[in-house]
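Novice: Handing you a structure now.
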Amino acid sequence: MSVTQEVNAAPDPVDRFHHDTIDNIIAGRFACRDFSDRAVSRGTIEEILRVARFAPSGANIQPWHVHVLAGAVKTRVSAALLKAHREARGEHVSEYKYYAAELPKPYFGRRREFGALFYGSLGIAQEDMEARASQTARNYLFFGAPVGLIVTIDRRLEIGSWLDLGMFVQNVMLAAAGRGLQSCPQETFAKYHRILRPLLSIPKEQMVVCGVSIGFAKSAPEGRLMPRAGVEEFASFVGFE
Ligand SMILES: Cc1cc2nc3c(=O)[nH]c(=O)nc-3n(C[C@H](O)[C@H](O)[C@H](O)COP(=O)(O)O)c2cc1C
């Protein structure tokens with residue numbers, strides 16, 4: 001049985017970390033929230049972006065833009081965001097809505113499960129708002145990663161281009177994983193667009209969509225923290241024998 005067949009046959013293929021097939025790269029990626037300080041070169045990030053740009057996009061308009069942050073600039077950005085998070089987080093809102101105000105089933109249940117698994121894994125009680133805010137603050141340090149991306153899109157584009165952007169961001173994370181790097185996509189950066197804009201000279205027509213931390217994971221997880229619904233829950237097959 002080939003590795004790909006094995007991965008497809010396994011009920012949960014996510015415990016394999018051989019980065020030798022696209023399936024293993026996809027299943028081995030996880031939202032990493034604890035990076036080592038091992039450096040990642042500009043050349044590696046350029047390589048990742050060079051391959052990620054082959055993401056498809058409607059009419060090939062390629063609506064992505066990334067600001068790649070490292071070193072002193074990243075430290076400055078982190079400090080400014082941490083200050084805002086500590087002192088004035090209520091004053092900052094994203095320019096777009098990520099979550100529906102009322103999540104219908106089954107999404108509501110999945111979000112609740114996420115909270116229980118995520119905070120449970122960190123030993124944080126769900127109602128401990130102080131501890132949760134401290135965990136959120138770690139986002140702005142890019143969870144210790146040496147490289148952070150701030151991803152933006154032209155606000156004059158429509159929702160279809162956001163599909164394209166998602167594919168590009170996923171390509172970035174997969175290209176990183178293929179090189180033994182991990183990543184974390186982070187919508188929480190969108191909240192602080194007013195701070196990011198002047199610091200990174202983001203033109204006013206660009207909207208901050210998310211950040212992505214990239215680096216080497218401090219340690220390999222023992223298994224996948226976040227489960228996935230079975231294929232039968234989200235796919236409807238028709239016309240097969
Ligand atoms: C667009 C997007 C935004 C996200 N924003 C955050 C974030 O701000 N902070 C964070 O810690 N994780 C964030 N995540 C990570 C998700 O929580 C994570 O992908 C999900 O729980 C599934 O876990 P996995 O990626 O490890 O499989 C985000 C994921 C996506 C796709």
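The way I read the labels, and the way they are meant: chains A, B, ... in the order of the structure tokens, residue 1 as the first residue of every chain, and ligand 1 as the first ligand shown, with later ones counted on from there.
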Using 12 Å as the limit and counting only C-alpha atoms, can you tabulate each residue of segment 106-136 of chain A that touches segment 25-45 of chain A, with its shortest atom-to-atom distance in Å and the two atoms involved, as a Markdown table?
Specialist:
```
| residue | atom | partner | partner_atom | distance |
| --- | --- | --- | --- | --- |
| A:Phe118 | CA | A:Arg33 | CA | 10.8 |
| A:Ser121 | CA | A:Arg33 | CA | 11.7 |
| A:Leu122 | CA | A:Arg33 | CA | 10.8 |
| A:Gln135 | CA | A:Arg33 | CA | 9.8 |
| A:Thr136 | CA | A:Arg33 | CA | 10.5 |
```
Novice: Excluding segment 144-155 of chain A and residues on its chain fewer than 6 positions from it, collect all residues at most 7 Å away from it, counting only C-alpha atoms, and give them as an MDAnalysis selection string.
Specialist: chainID A and resid 34:37 39:40 63:70 205:215
Novice: Please, which residues of segment 26-198 of chain A, numbered as in this document, come out strand (DSSP E or B) from DSSP, as a ChimeraX atom specification?
Specialist: /A:31,35,65-69,147-154,182-186
Novice: Which is closest to ligand 1 among A:Gly71, A:Pro227, A:Gly90, A:Gly180, if we use only C-alpha atoms and all ligand atoms?
Specialist: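 Closest residue, counting only C-alpha atoms and all ligand atoms: A:Pro227.
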Novice: Return as a PyMOL selection string every polymer residue, whether protein, DNA or RNA, with at least one atom no more than 6 Å from an atom of ligand 1; count only C-alpha atoms and all ligand atoms.
Specialist: chain A and resi 30-31+185-188+226
Novice: Would you give me, as a CSV table (one decimal) with all heavy atoms, in the first residue's frame, the residues in segment 122-199 of chain A that DSSP reads as alpha helix (DSSP H)?
Specialist:
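Output contents, as saved in selection34.csv:
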```csv
chain,number,residue,atom,x,y,z
A,129,MET,N,-11.1,34.7,32.3
A,129,MET,CA,-10.9,35.6,31.3
A,129,MET,C,-9.5,36.2,31.3
A,129,MET,O,-8.9,36.6,30.2
A,129,MET,CB,-12.0,36.8,31.3
A,129,MET,CG,-13.4,36.3,31.2
A,129,MET,SD,-13.6,35.0,29.9
A,129,MET,CE,-13.8,36.0,28.4
A,130,GLU,N,-8.9,36.4,32.5
A,130,GLU,CA,-7.6,36.9,32.6
A,130,GLU,C,-6.6,36.0,31.9
A,130,GLU,O,-5.7,36.5,31.1
A,130,GLU,CB,-7.3,37.1,34.1
A,130,GLU,CG,-6.1,37.9,34.5
A,130,GLU,CD,-6.3,39.4,34.3
A,130,GLU,OE1,-7.4,39.8,34.1
A,130,GLU,OE2,-5.3,40.1,34.3
A,131,ALA,N,-6.7,34.7,32.2
A,131,ALA,CA,-5.7,33.8,31.6
A,131,ALA,C,-5.9,33.7,30.1
A,131,ALA,O,-5.0,33.6,29.4
A,131,ALA,CB,-5.9,32.4,32.3
A,132,ARG,N,-7.2,33.8,29.7
A,132,ARG,CA,-7.4,33.7,28.3
A,132,ARG,C,-6.9,34.9,27.6
A,132,ARG,O,-6.3,34.8,26.5
A,132,ARG,CB,-9.0,33.6,28.0
A,132,ARG,CG,-9.5,32.3,28.3
A,132,ARG,CD,-11.0,32.2,28.2
A,132,ARG,NE,-11.5,32.4,26.9
A,132,ARG,CZ,-12.7,32.0,26.5
A,132,ARG,NH1,-13.5,31.3,27.3
A,132,ARG,NH2,-13.1,32.3,25.3
A,133,ALA,N,-7.0,36.1,28.2
A,133,ALA,CA,-6.4,37.3,27.6
A,133,ALA,C,-4.9,37.2,27.5
A,133,ALA,O,-4.3,37.7,26.5
A,133,ALA,CB,-6.8,38.6,28.4
A,134,SER,N,-4.3,36.6,28.5
A,134,SER,CA,-2.8,36.4,28.5
A,134,SER,C,-2.4,35.5,27.3
A,134,SER,O,-1.4,35.7,26.6
A,134,SER,CB,-2.3,35.8,29.8
A,134,SER,OG,-2.6,36.6,30.8
A,135,GLN,N,-3.2,34.4,27.1
A,135,GLN,CA,-3.0,33.5,26.0
A,135,GLN,C,-3.1,34.3,24.7
A,135,GLN,O,-2.3,34.2,23.8
A,135,GLN,CB,-3.9,32.3,26.1
A,135,GLN,CG,-3.8,31.4,24.8
A,135,GLN,CD,-2.5,30.9,24.5
A,135,GLN,OE1,-1.6,30.6,25.4
A,135,GLN,NE2,-2.2,30.6,23.2
A,136,THR,N,-4.2,35.1,24.6
A,136,THR,CA,-4.4,35.9,23.3
A,136,THR,C,-3.2,36.8,23.1
A,136,THR,O,-2.8,36.9,21.9
A,136,THR,CB,-5.7,36.7,23.5
A,136,THR,OG1,-6.8,35.8,23.7
A,136,THR,CG2,-6.0,37.5,22.2
A,137,ALA,N,-2.7,37.3,24.2
A,137,ALA,CA,-1.5,38.3,24.0
A,137,ALA,C,-0.4,37.6,23.3
A,137,ALA,O,0.4,38.2,22.5
A,137,ALA,CB,-1.1,38.8,25.4
A,138,ARG,N,-0.2,36.3,23.4
A,138,ARG,CA,0.9,35.6,22.8
A,138,ARG,C,0.8,35.6,21.3
A,138,ARG,O,1.8,35.5,20.6
A,138,ARG,CB,1.0,34.1,23.3
A,138,ARG,CG,1.2,34.1,24.9
A,138,ARG,CD,1.6,32.7,25.4
A,138,ARG,NE,2.9,32.3,24.7
A,138,ARG,CZ,3.0,31.3,23.8
A,138,ARG,NH1,1.9,30.6,23.4
A,138,ARG,NH2,4.1,31.0,23.3
A,139,ASN,N,-0.4,35.8,20.8
A,139,ASN,CA,-0.6,36.0,19.3
A,139,ASN,C,0.3,37.1,18.8
A,139,ASN,O,0.9,37.0,17.8
A,139,ASN,CB,-2.0,36.4,19.0
A,139,ASN,CG,-3.0,35.2,18.8
A,139,ASN,OD1,-3.0,34.6,17.8
A,139,ASN,ND2,-3.7,34.9,19.9
A,159,ILE,N,-16.0,39.3,-2.3
A,159,ILE,CA,-15.8,38.1,-1.5
A,159,ILE,C,-15.1,37.0,-2.2
A,159,ILE,O,-14.3,36.3,-1.6
A,159,ILE,CB,-17.1,37.7,-0.9
A,159,ILE,CG1,-16.9,36.7,0.2
A,159,ILE,CG2,-18.1,37.2,-2.0
A,159,ILE,CD1,-18.2,36.4,1.0
A,160,GLY,N,-15.3,36.9,-3.5
A,160,GLY,CA,-14.6,35.9,-4.3
A,160,GLY,C,-13.1,36.0,-4.2
A,160,GLY,O,-12.4,34.9,-4.1
A,161,SER,N,-12.6,37.2,-4.1
A,161,SER,CA,-11.1,37.3,-4.0
A,161,SER,C,-10.6,36.8,-2.7
A,161,SER,O,-9.4,36.5,-2.5
A,161,SER,CB,-10.7,38.8,-4.3
A,161,SER,OG,-11.1,39.1,-5.6
A,162,TRP,N,-11.5,36.9,-1.7
A,162,TRP,CA,-11.1,36.4,-0.4
A,162,TRP,C,-10.9,34.8,-0.4
A,162,TRP,O,-10.1,34.3,0.3
A,162,TRP,CB,-12.1,36.8,0.7
A,162,TRP,CG,-12.1,38.2,1.0
A,162,TRP,CD1,-12.3,39.3,0.2
A,162,TRP,CD2,-11.8,38.8,2.3
A,162,TRP,NE1,-12.2,40.5,0.9
A,162,TRP,CE2,-11.9,40.2,2.2
A,162,TRP,CE3,-11.5,38.3,3.6
A,162,TRP,CZ2,-11.6,41.1,3.2
A,162,TRP,CZ3,-11.2,39.2,4.6
A,162,TRP,CH2,-11.3,40.6,4.4
A,163,LEU,N,-11.7,34.2,-1.3
A,163,LEU,CA,-11.5,32.8,-1.5
A,163,LEU,C,-10.1,32.5,-2.0
A,163,LEU,O,-9.3,31.7,-1.6
A,163,LEU,CB,-12.4,32.2,-2.6
A,163,LEU,CG,-13.9,31.8,-2.3
A,163,LEU,CD1,-14.6,31.4,-3.6
A,163,LEU,CD2,-13.9,30.7,-1.3
A,164,ASP,N,-9.7,33.3,-3.0
A,164,ASP,CA,-8.4,33.2,-3.6
A,164,ASP,C,-7.3,33.4,-2.5
A,164,ASP,O,-6.3,32.7,-2.5
A,164,ASP,CB,-8.2,34.3,-4.7
A,164,ASP,CG,-9.2,34.2,-5.8
A,164,ASP,OD1,-9.9,33.2,-5.9
A,164,ASP,OD2,-9.4,35.3,-6.5
A,165,LEU,N,-7.5,34.4,-1.7
A,165,LEU,CA,-6.6,34.8,-0.7
A,165,LEU,C,-6.4,33.6,0.3
A,165,LEU,O,-5.3,33.3,0.7
A,165,LEU,CB,-7.0,36.0,0.1
A,165,LEU,CG,-6.0,36.6,1.1
A,165,LEU,CD1,-4.7,37.1,0.4
A,165,LEU,CD2,-6.6,37.7,1.9
A,166,GLY,N,-7.5,32.9,0.7
A,166,GLY,CA,-7.4,31.8,1.6
A,166,GLY,C,-6.6,30.7,1.0
A,166,GLY,O,-5.8,30.0,1.7
A,167,MET,N,-6.7,30.5,-0.4
A,167,MET,CA,-6.0,29.4,-1.0
A,167,MET,C,-4.5,29.8,-1.0
A,167,MET,O,-3.6,28.9,-0.8
A,167,MET,CB,-6.4,29.2,-2.4
A,167,MET,CG,-7.9,28.7,-2.5
A,167,MET,SD,-8.4,28.3,-4.1
A,167,MET,CE,-10.2,28.3,-3.7
A,168,PHE,N,-4.2,31.0,-1.2
A,168,PHE,CA,-2.8,31.5,-1.1
A,168,PHE,C,-2.2,31.3,0.3
A,168,PHE,O,-1.1,30.7,0.4
A,168,PHE,CB,-2.7,33.0,-1.5
A,168,PHE,CG,-1.4,33.5,-1.3
A,168,PHE,CD1,-0.3,33.3,-2.2
A,168,PHE,CD2,-1.1,34.4,-0.2
A,168,PHE,CE1,1.0,33.8,-2.0
A,168,PHE,CE2,0.2,34.9,0.0
A,168,PHE,CZ,1.2,34.6,-0.8
A,169,VAL,N,-3.0,31.7,1.3
A,169,VAL,CA,-2.4,31.5,2.7
A,169,VAL,C,-2.2,30.0,3.0
A,169,VAL,O,-1.2,29.7,3.6
A,169,VAL,CB,-3.4,32.2,3.7
A,169,VAL,CG1,-3.0,31.9,5.1
A,169,VAL,CG2,-3.4,33.7,3.5
A,170,GLN,N,-3.2,29.2,2.6
A,170,GLN,CA,-3.0,27.8,2.8
A,170,GLN,C,-1.7,27.3,2.1
A,170,GLN,O,-0.9,26.5,2.6
A,170,GLN,CB,-4.2,27.0,2.3
A,170,GLN,CG,-4.1,25.5,2.4
A,170,GLN,CD,-4.1,24.9,3.8
A,170,GLN,OE1,-3.9,25.6,4.8
A,170,GLN,NE2,-4.4,23.6,3.9
A,171,ASN,N,-1.5,27.7,0.8
A,171,ASN,CA,-0.3,27.3,0.1
A,171,ASN,C,1.0,27.8,0.9
A,171,ASN,O,1.9,27.0,1.0
A,171,ASN,CB,-0.2,28.0,-1.2
A,171,ASN,CG,-0.8,27.1,-2.3
A,171,ASN,OD1,-1.3,26.0,-2.1
A,171,ASN,ND2,-0.7,27.6,-3.6
A,172,VAL,N,0.9,28.9,1.5
A,172,VAL,CA,2.1,29.4,2.3
A,172,VAL,C,2.3,28.4,3.4
A,172,VAL,O,3.5,28.0,3.7
A,172,VAL,CB,1.8,30.8,2.8
A,172,VAL,CG1,2.9,31.2,3.9
A,172,VAL,CG2,1.8,31.9,1.7
A,173,MET,N,1.3,28.0,4.1
A,173,MET,CA,1.4,27.2,5.3
A,173,MET,C,1.9,25.8,4.9
A,173,MET,O,2.7,25.1,5.6
A,173,MET,CB,0.1,27.1,6.1
A,173,MET,CG,-0.2,28.5,6.6
A,173,MET,SD,-1.5,28.5,7.9
A,173,MET,CE,-2.9,28.1,6.8
A,174,LEU,N,1.4,25.3,3.7
A,174,LEU,CA,1.8,24.0,3.2
A,174,LEU,C,3.2,24.0,2.7
A,174,LEU,O,4.0,23.1,3.0
A,174,LEU,CB,0.9,23.5,2.2
A,174,LEU,CG,-0.6,23.2,2.6
A,174,LEU,CD1,-1.4,22.7,1.5
A,174,LEU,CD2,-0.7,22.3,3.8
A,175,ALA,N,3.6,25.1,2.0
A,175,ALA,CA,5.0,25.2,1.6
A,175,ALA,C,5.9,25.2,2.8
A,175,ALA,O,7.0,24.7,2.7
A,175,ALA,CB,5.2,26.4,0.7
A,176,ALA,N,5.5,25.9,3.8
A,176,ALA,CA,6.3,26.0,5.0
A,176,ALA,C,6.4,24.6,5.6
A,176,ALA,O,7.5,24.1,6.0
A,176,ALA,CB,5.7,27.0,6.0
A,177,ALA,N,5.3,23.9,5.8
A,177,ALA,CA,5.3,22.5,6.4
A,177,ALA,C,6.2,21.6,5.6
A,177,ALA,O,6.8,20.7,6.1
A,177,ALA,CB,3.9,22.0,6.5
A,193,HIS,N,-5.6,46.9,12.9
A,193,HIS,CA,-5.2,47.5,11.6
A,193,HIS,C,-4.8,48.9,11.8
A,193,HIS,O,-3.9,49.4,11.1
A,193,HIS,CB,-6.3,47.4,10.6
A,193,HIS,CG,-7.6,48.0,11.0
A,193,HIS,ND1,-8.0,49.3,10.6
A,193,HIS,CD2,-8.6,47.6,11.8
A,193,HIS,CE1,-9.1,49.6,11.1
A,193,HIS,NE2,-9.5,48.6,11.9
A,194,ARG,N,-5.4,49.7,12.7
A,194,ARG,CA,-5.0,51.1,12.9
A,194,ARG,C,-3.6,51.2,13.4
A,194,ARG,O,-2.9,52.3,13.1
A,194,ARG,CB,-6.0,51.8,13.9
A,194,ARG,CG,-7.3,52.1,13.2
A,194,ARG,CD,-8.2,53.0,14.1
A,194,ARG,NE,-8.8,52.3,15.2
A,194,ARG,CZ,-8.7,52.7,16.4
A,194,ARG,NH1,-8.1,53.8,16.8
A,194,ARG,NH2,-9.3,52.0,17.4
A,195,ILE,N,-3.1,50.2,14.1
A,195,ILE,CA,-1.7,50.3,14.6
A,195,ILE,C,-0.8,49.7,13.5
A,195,ILE,O,0.3,50.3,13.2
A,195,ILE,CB,-1.6,49.4,15.9
A,195,ILE,CG1,-2.4,50.1,17.0
A,195,ILE,CG2,-0.1,49.2,16.3
A,195,ILE,CD1,-2.5,49.3,18.2
A,196,LEU,N,-1.2,48.7,12.8
A,196,LEU,CA,-0.3,48.1,11.8
A,196,LEU,C,-0.1,49.0,10.6
A,196,LEU,O,1.0,49.0,10.0
A,196,LEU,CB,-0.9,46.7,11.3
A,196,LEU,CG,-0.9,45.6,12.4
A,196,LEU,CD1,-1.8,44.5,11.9
A,196,LEU,CD2,0.5,45.1,12.6
A,197,ARG,N,-1.2,49.7,10.2
A,197,ARG,CA,-1.1,50.5,9.0
A,197,ARG,C,0.1,51.5,8.9
A,197,ARG,O,0.9,51.4,8.0
A,197,ARG,CB,-2.5,51.3,8.8
A,197,ARG,CG,-2.7,51.8,7.4
A,197,ARG,CD,-4.1,52.3,7.3
A,197,ARG,NE,-5.1,51.3,7.4
A,197,ARG,CZ,-5.4,50.4,6.5
A,197,ARG,NH1,-4.7,50.3,5.3
A,197,ARG,NH2,-6.3,49.4,6.6
A,198,PRO,N,0.2,52.4,10.0
A,198,PRO,CA,1.4,53.3,9.9
A,198,PRO,C,2.7,52.5,10.1
A,198,PRO,O,3.7,52.9,9.4
A,198,PRO,CB,1.1,54.3,11.0
A,198,PRO,CG,0.2,53.6,11.9
A,198,PRO,CD,-0.7,52.7,11.1
A,199,LEU,N,2.7,51.5,10.9
A,199,LEU,CA,4.0,50.8,11.2
A,199,LEU,C,4.5,50.1,10.0
A,199,LEU,O,5.8,50.0,9.7
A,199,LEU,CB,3.8,49.8,12.3
A,199,LEU,CG,3.8,50.3,13.7
A,199,LEU,CD1,3.4,49.2,14.7
A,199,LEU,CD2,5.1,51.0,14.1
```
Novice: Extract, using only C-alpha atoms, all DNA, RNA and protein residues at most 12 Å from Pro106 of chain A, discarding same-chain residues fewer than 6 positions from it, and format them as a ChimeraX atom specification.
Specialist: /A:112-113,229,233-234
Novice: Using atom CA of Gly109 of chain A and atom CA of Ala190 of chain A as the two end points, give the distance in Å to one decimal.
Specialist: 24.8 Å
